[in-house]
Structures are given as structure tokens and as C-alpha cells.
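Let me begin by presenting the structure, written as C-alpha cells, before commenting on it.
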Amino acid sequence: EMKEYNQLLQLQFLSLTWQAILNLMGQSDGDPAILSGEVMNYEEMLVIADKDKIPPLRAQIQCYRLQLAVFFQDFELAAQLIGPASMISLVNPANPIIWRNTLFEGVAAFELVRQGKKKWKKTAIKAIIRTQKWVDSGNANCVHILYLLQAEKAAMENKTDEARQLFDKAIVTAARNGFRSDRALASERCSLMYHKLGDDFWFKDYHQKAKDAYKEMEAYGKVDQMTEEPTGKRKTMDRPCFEINVVDDTMKEGMKVNSDVATLPTRETGASDDRNWLSSSEAF
């Protein structure tokens with residue numbers, strides 16, 4: 001119907017969310033960390049964004065790619081996307097995806113630091129500072145993000161007890177504010193902290209909480225990955241797929257991907273307006 005009414009630009013933006021959801025559900029083409037499948041192909045979409053001169057579309061593509069890279073623990077890919085995704089604050093400064101992207105930039109940066117790549121520490125700390133300013137300004141949607149990033153910092157500094165308390169705050173606050181995916185991510189990040197410490201008891205506890213949270217979202221692609229092992233690649237499982245053909249065949253014809261184009265900037269969208277938001281004091 002959107003194509004019939006020539007709402008192609010809006011359809012392109014919505015396709016990013018749609019394909020990201022399908023990837024989490026396990027309905028992707030190959031690697032679930034790659035934003036490509038039945039709805040769209042990220043390389044083709046980047047070409048369209050450049051051809052039609054739509055910088056916000058390019059930025060949002062990279063934001064969604066960064067999200068999937070973090071969810072599926074492909075931090076090598078995440079490292080390549082942090083810079084391009086951060087362009088969203090320049091090309092679309094009023095979009096809620098900015099604070100969403102800061103969450104994934106921060107988590108990815110802290111993980112990279114814990115892997116020994118110290119150059120990402122500045123990016124990680126910057127994510128906390130930005131989020132703190134938003135919370136201080138009364139943005140209740142960022143409270144759980146601040147807790148999560150502070151937990152990552154404490155974990156990086158080997159302050160395990162403090163990190164666990166902050167992870168718990170992030171999990172509870174995300175749940176109360178309706179951010180299901182963030183609750184699952186916080187639970188998983190806490191489980192991975194204990195996994196690296198060799199603490200099997202708390203690892204299994206938070207690992208199961210994360211799996212349950214992802215199952216509530218029907219993110220079976222992510223659950224499959226966690227079923228194999230916490231840091232392994234997703235195990236492909238057969239699941240029903242929708243019959244989707246969103247991109248026009250004419251749009252695909254003759255489209256050749258420019259490798260330089262496919263490595264440039266992008267970011268993601270915020271949550272729906274029908275959520276029952278809490279005030280800042282209630283969130284705390």
C-alpha cells in the first residue's frame with residue numbers, strides 16, 4: 001500500500017526496522033548480524049541513499065547494522081560501524097535514534113576495551129557523559145541506558161559487585177519503562193561478565209534471564225546463538241518466514257554496489273509513542 005501511494009522514502013526507513021526485527025527472529029539471509037534479508041539489502045539501500053542524496057537514511061542504516069552487530073556479538077564489525085553510525089547526530093539531530101545509538105556505541109566500545117583495544121576507552125566514557133546529560137535533563141528513556149553503561153565501566157574496572165548492582169538496575173528500569181530488548185541485552189551483558197570471570201553459577205542465572213527475555217520478544221535468532229554457547233555464532237534453525245517482496249524489481253536492476261559507499265556512515269529510530277512512559281523520579 002505504501003508503494004501504491006508512492007511513500008517510498010518512508011517505506012525505506014521502515015524497512016530498516018522490519019529487517020532488523022526479522023534478523024533477531026532468525027529470518028535473515030545467512031549472517032544475522034548483516035542487515036540483509038527478504039525485506040531489504042543494506043548494500044543496495046546504501047546505494048539508494050547516496051543516489052537520492054538522503055544522508056539520514058544512510059546514517060540510520062549504519063545504526064541498525066551496529067545494533068545487530070552488538071546483539072549478535074560481532075564486535076569486529078561493530079568497531080567498523082561506530083564512526084559511521086555516529087553521523088546520525090549531524091544529519092538528523094532531533095531523532096530519538098541518537099540516544100539509542102549511544103547505547104550500542106557505548107556497549108561495543110566497552111567490550112572492545114575489555115578485549116584489549118584501549119583506544120576505544122574514550123568513546124566508551126563519552127557515551128556515559130552524553131547519557132548522563134540526557135538523564136540530568138529529565139529524559140527518563142535514558143535512565144536504564146546510563147545504568148547499563150555504568151555497569152559496563154565497573155565491569156571493565158573489575159568492580160564486579162558494583163557492576164552487578166548496576167546491571168540489575170538497568171534490567172529492572174528497562175523492564176518498567178518497556179524496553180524489552182534493552183532488558184535482554186543488560187541481562188546478557190551481565191552473564192558475559194560472569195562468564196569471563198569463570199563464575200558458572202551467576203553466569204547461568206543471568207544467561208537464562210537473557211534467554212527468557214529474548215524469547216518474550218520472539219528473537220529466536222538470538223536465542224539460537226545463545227543456545228550454542230554465549231560467545232559463539234548463531235546456530236541456524238528452520239523457522240517459518242513471511243512472503244515478503246518489498247523492494248521493487250526495477251529498483252534492483254542494474255544496481256551495482258560501490259565498496260566505498262558500503263562502508264560510510266548511519267543510525268536507528270526510537271520507540272513508538274504509545275508506550276506508557278515513566279517520569280524520571282518513577283524510573284529511579
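A note on labels: chains of the C-alpha cells are A, B, ... as shown, every chain counts residues from 1, and ligands are counted from 1 in their shown order.
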(request) For range 124-128 of chain A, please output as a list in words all residues within 7 Å (counting only C-alpha atoms; exclusion window: fewer than 4 positions along the same chain). (result)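 Surrounding residues, per the criterion: Thr102, Gly106, Ala109, Phe110, Trp120, Gln132, Leu146, Leu149 and Gln150 of chain A.
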(message) Excluding Thr173 in chain A and its own-chain neighbours fewer than 4 positions away, which residues fall within 9 Å of it when counting only C-alpha atoms? Please give them as a list in words.
(response) Val143, His144, Tyr147, Asp168, Lys169, Asn177, Gly178, Phe179, Arg183, Ala283 and Phe284 of chain A
Now that the selection is made, can you save its residues with N, CA and C atoms as a PDB file, in the first residue's frame?
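File written: part_29.pdb
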```
ATOM      1  N   VAL A 143      17.489   6.492  31.409  1.00  0.00           N
ATOM      2  CA  VAL A 143      17.934   6.099  32.749  1.00  0.00           C
ATOM      3  C   VAL A 143      18.555   4.701  32.734  1.00  0.00           C
ATOM      4  N   HIS A 144      17.857   3.755  32.117  1.00  0.00           N
ATOM      5  CA  HIS A 144      18.388   2.388  32.101  1.00  0.00           C
ATOM      6  C   HIS A 144      19.660   2.290  31.253  1.00  0.00           C
ATOM      7  N   TYR A 147      22.512   3.333  33.506  1.00  0.00           N
ATOM      8  CA  TYR A 147      22.863   2.230  34.406  1.00  0.00           C
ATOM      9  C   TYR A 147      23.676   1.165  33.685  1.00  0.00           C
ATOM     10  N   ASP A 168      21.640  -4.898  37.441  1.00  0.00           N
ATOM     11  CA  ASP A 168      20.300  -5.174  37.969  1.00  0.00           C
ATOM     12  C   ASP A 168      19.403  -3.948  37.846  1.00  0.00           C
ATOM     13  N   LYS A 169      19.958  -2.772  38.131  1.00  0.00           N
ATOM     14  CA  LYS A 169      19.182  -1.535  37.998  1.00  0.00           C
ATOM     15  C   LYS A 169      18.785  -1.302  36.542  1.00  0.00           C
ATOM     16  N   ASN A 177      10.167   0.555  32.046  1.00  0.00           N
ATOM     17  CA  ASN A 177       9.938   1.558  31.009  1.00  0.00           C
ATOM     18  C   ASN A 177       9.544   0.948  29.664  1.00  0.00           C
ATOM     19  N   GLY A 178       9.486  -0.384  29.592  1.00  0.00           N
ATOM     20  CA  GLY A 178       9.002  -1.033  28.378  1.00  0.00           C
ATOM     21  C   GLY A 178      10.042  -1.309  27.317  1.00  0.00           C
ATOM     22  N   PHE A 179      11.324  -1.257  27.683  1.00  0.00           N
ATOM     23  CA  PHE A 179      12.386  -1.534  26.717  1.00  0.00           C
ATOM     24  C   PHE A 179      12.806  -3.001  26.829  1.00  0.00           C
ATOM     25  N   ARG A 183      16.363  -4.770  28.240  1.00  0.00           N
ATOM     26  CA  ARG A 183      16.380  -5.654  29.409  1.00  0.00           C
ATOM     27  C   ARG A 183      17.121  -6.940  29.079  1.00  0.00           C
ATOM     28  N   ALA A 283      11.176   6.280  37.405  1.00  0.00           N
ATOM     29  CA  ALA A 283      12.152   5.341  36.837  1.00  0.00           C
ATOM     30  C   ALA A 283      13.222   4.997  37.840  1.00  0.00           C
ATOM     31  N   PHE A 284      13.660   6.000  38.626  1.00  0.00           N
ATOM     32  CA  PHE A 284      14.662   5.729  39.653  1.00  0.00           C
ATOM     33  C   PHE A 284      14.035   4.960  40.808  1.00  0.00           C
TER      34      PHE A 284
END
```
(message) I'd like to know which residues of range 116-230 of chain A are alpha helix (DSSP H) (by DSSP, run on the backbone); could you write them as JSON, numbers by chain?
(response) {"A": [121, 122, 123, 124, 125, 126, 127, 128, 129, 130, 131, 132, 133, 134, 135, 136, 143, 144, 145, 146, 147, 148, 149, 150, 151, 152, 153, 154, 155, 156, 160, 161, 162, 163, 164, 165, 166, 167, 168, 169, 170, 171, 172, 173, 174, 175, 176, 177, 180, 181, 182, 183, 184, 185, 186, 187, 188, 189, 190, 191, 192, 193, 194, 195, 196, 197, 200, 201, 202, 203, 204, 205, 206, 207, 208, 209, 210, 211, 212, 213, 214, 215, 216, 220, 221, 222, 223, 224, 225, 226, 227, 228]}
(request) Could you tell me which of A:Asn6, A:Leu46, A:Arg189, A:Gln67 comes closest to Ile34 in chain A if we count only C-alpha atoms? (result)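 The shortest atom-to-atom distance to Ile34 in chain A comes from A:Gln67.
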(message) Report, in Å to a single decimal, how far apart CA of Asp74 in chain A and CA of Gly37 in chain A are.
(response) 17.9 Å
(request) Provide the CA of Tyr64 in chain A to CA of Lys215 in chain A distance in Å, to one decimal place. (result) 20.4 Å
Which range 100-132 of chain A residues have any atom within 9 Å of an atom of range 156-166 of chain A, and for each, what is the nearest pair of atoms with distance in Å to one decimal, counting only C-alpha atoms, rows sorted by chain and number, as a Markdown table?
```
| residue | atom | partner | partner_atom | distance |
| --- | --- | --- | --- | --- |
| A:Phe110 | CA | A:Met156 | CA | 7.1 |
| A:Glu111 | CA | A:Met156 | CA | 8.2 |
| A:Val113 | CA | A:Met156 | CA | 7.6 |
| A:Arg114 | CA | A:Met156 | CA | 6.0 |
```
Expected file: the selected residues, N, CA, C and O atoms, as a PDB file, in the first residue's frame:
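Output saved as out35.pdb:
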```pdb
ATOM      1  N   PHE A 110      32.973  -0.459  25.225  1.00  0.00           N
ATOM      2  CA  PHE A 110      33.428  -1.079  26.474  1.00  0.00           C
ATOM      3  C   PHE A 110      33.899  -2.512  26.227  1.00  0.00           C
ATOM      4  O   PHE A 110      34.908  -2.951  26.799  1.00  0.00           O
ATOM      5  N   GLU A 111      33.183  -3.241  25.383  1.00  0.00           N
ATOM      6  CA  GLU A 111      33.582  -4.616  25.080  1.00  0.00           C
ATOM      7  C   GLU A 111      34.932  -4.632  24.364  1.00  0.00           C
ATOM      8  O   GLU A 111      35.791  -5.477  24.653  1.00  0.00           O
ATOM      9  N   VAL A 113      37.298  -2.442  24.660  1.00  0.00           N
ATOM     10  CA  VAL A 113      38.329  -2.132  25.651  1.00  0.00           C
ATOM     11  C   VAL A 113      38.672  -3.376  26.459  1.00  0.00           C
ATOM     12  O   VAL A 113      39.848  -3.683  26.713  1.00  0.00           O
ATOM     13  N   ARG A 114      37.644  -4.140  26.851  1.00  0.00           N
ATOM     14  CA  ARG A 114      37.865  -5.357  27.634  1.00  0.00           C
ATOM     15  C   ARG A 114      38.589  -6.418  26.823  1.00  0.00           C
ATOM     16  O   ARG A 114      39.210  -7.322  27.372  1.00  0.00           O
TER      17      ARG A 114
END
```
(request) Enter the distance from CA of Glu152 in chain A to CA of Val91 in chain A, in Å, rounded to one decimal. (result)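 CA of Val91 in chain A lies 28.5 Å from CA of Glu152 in chain A.
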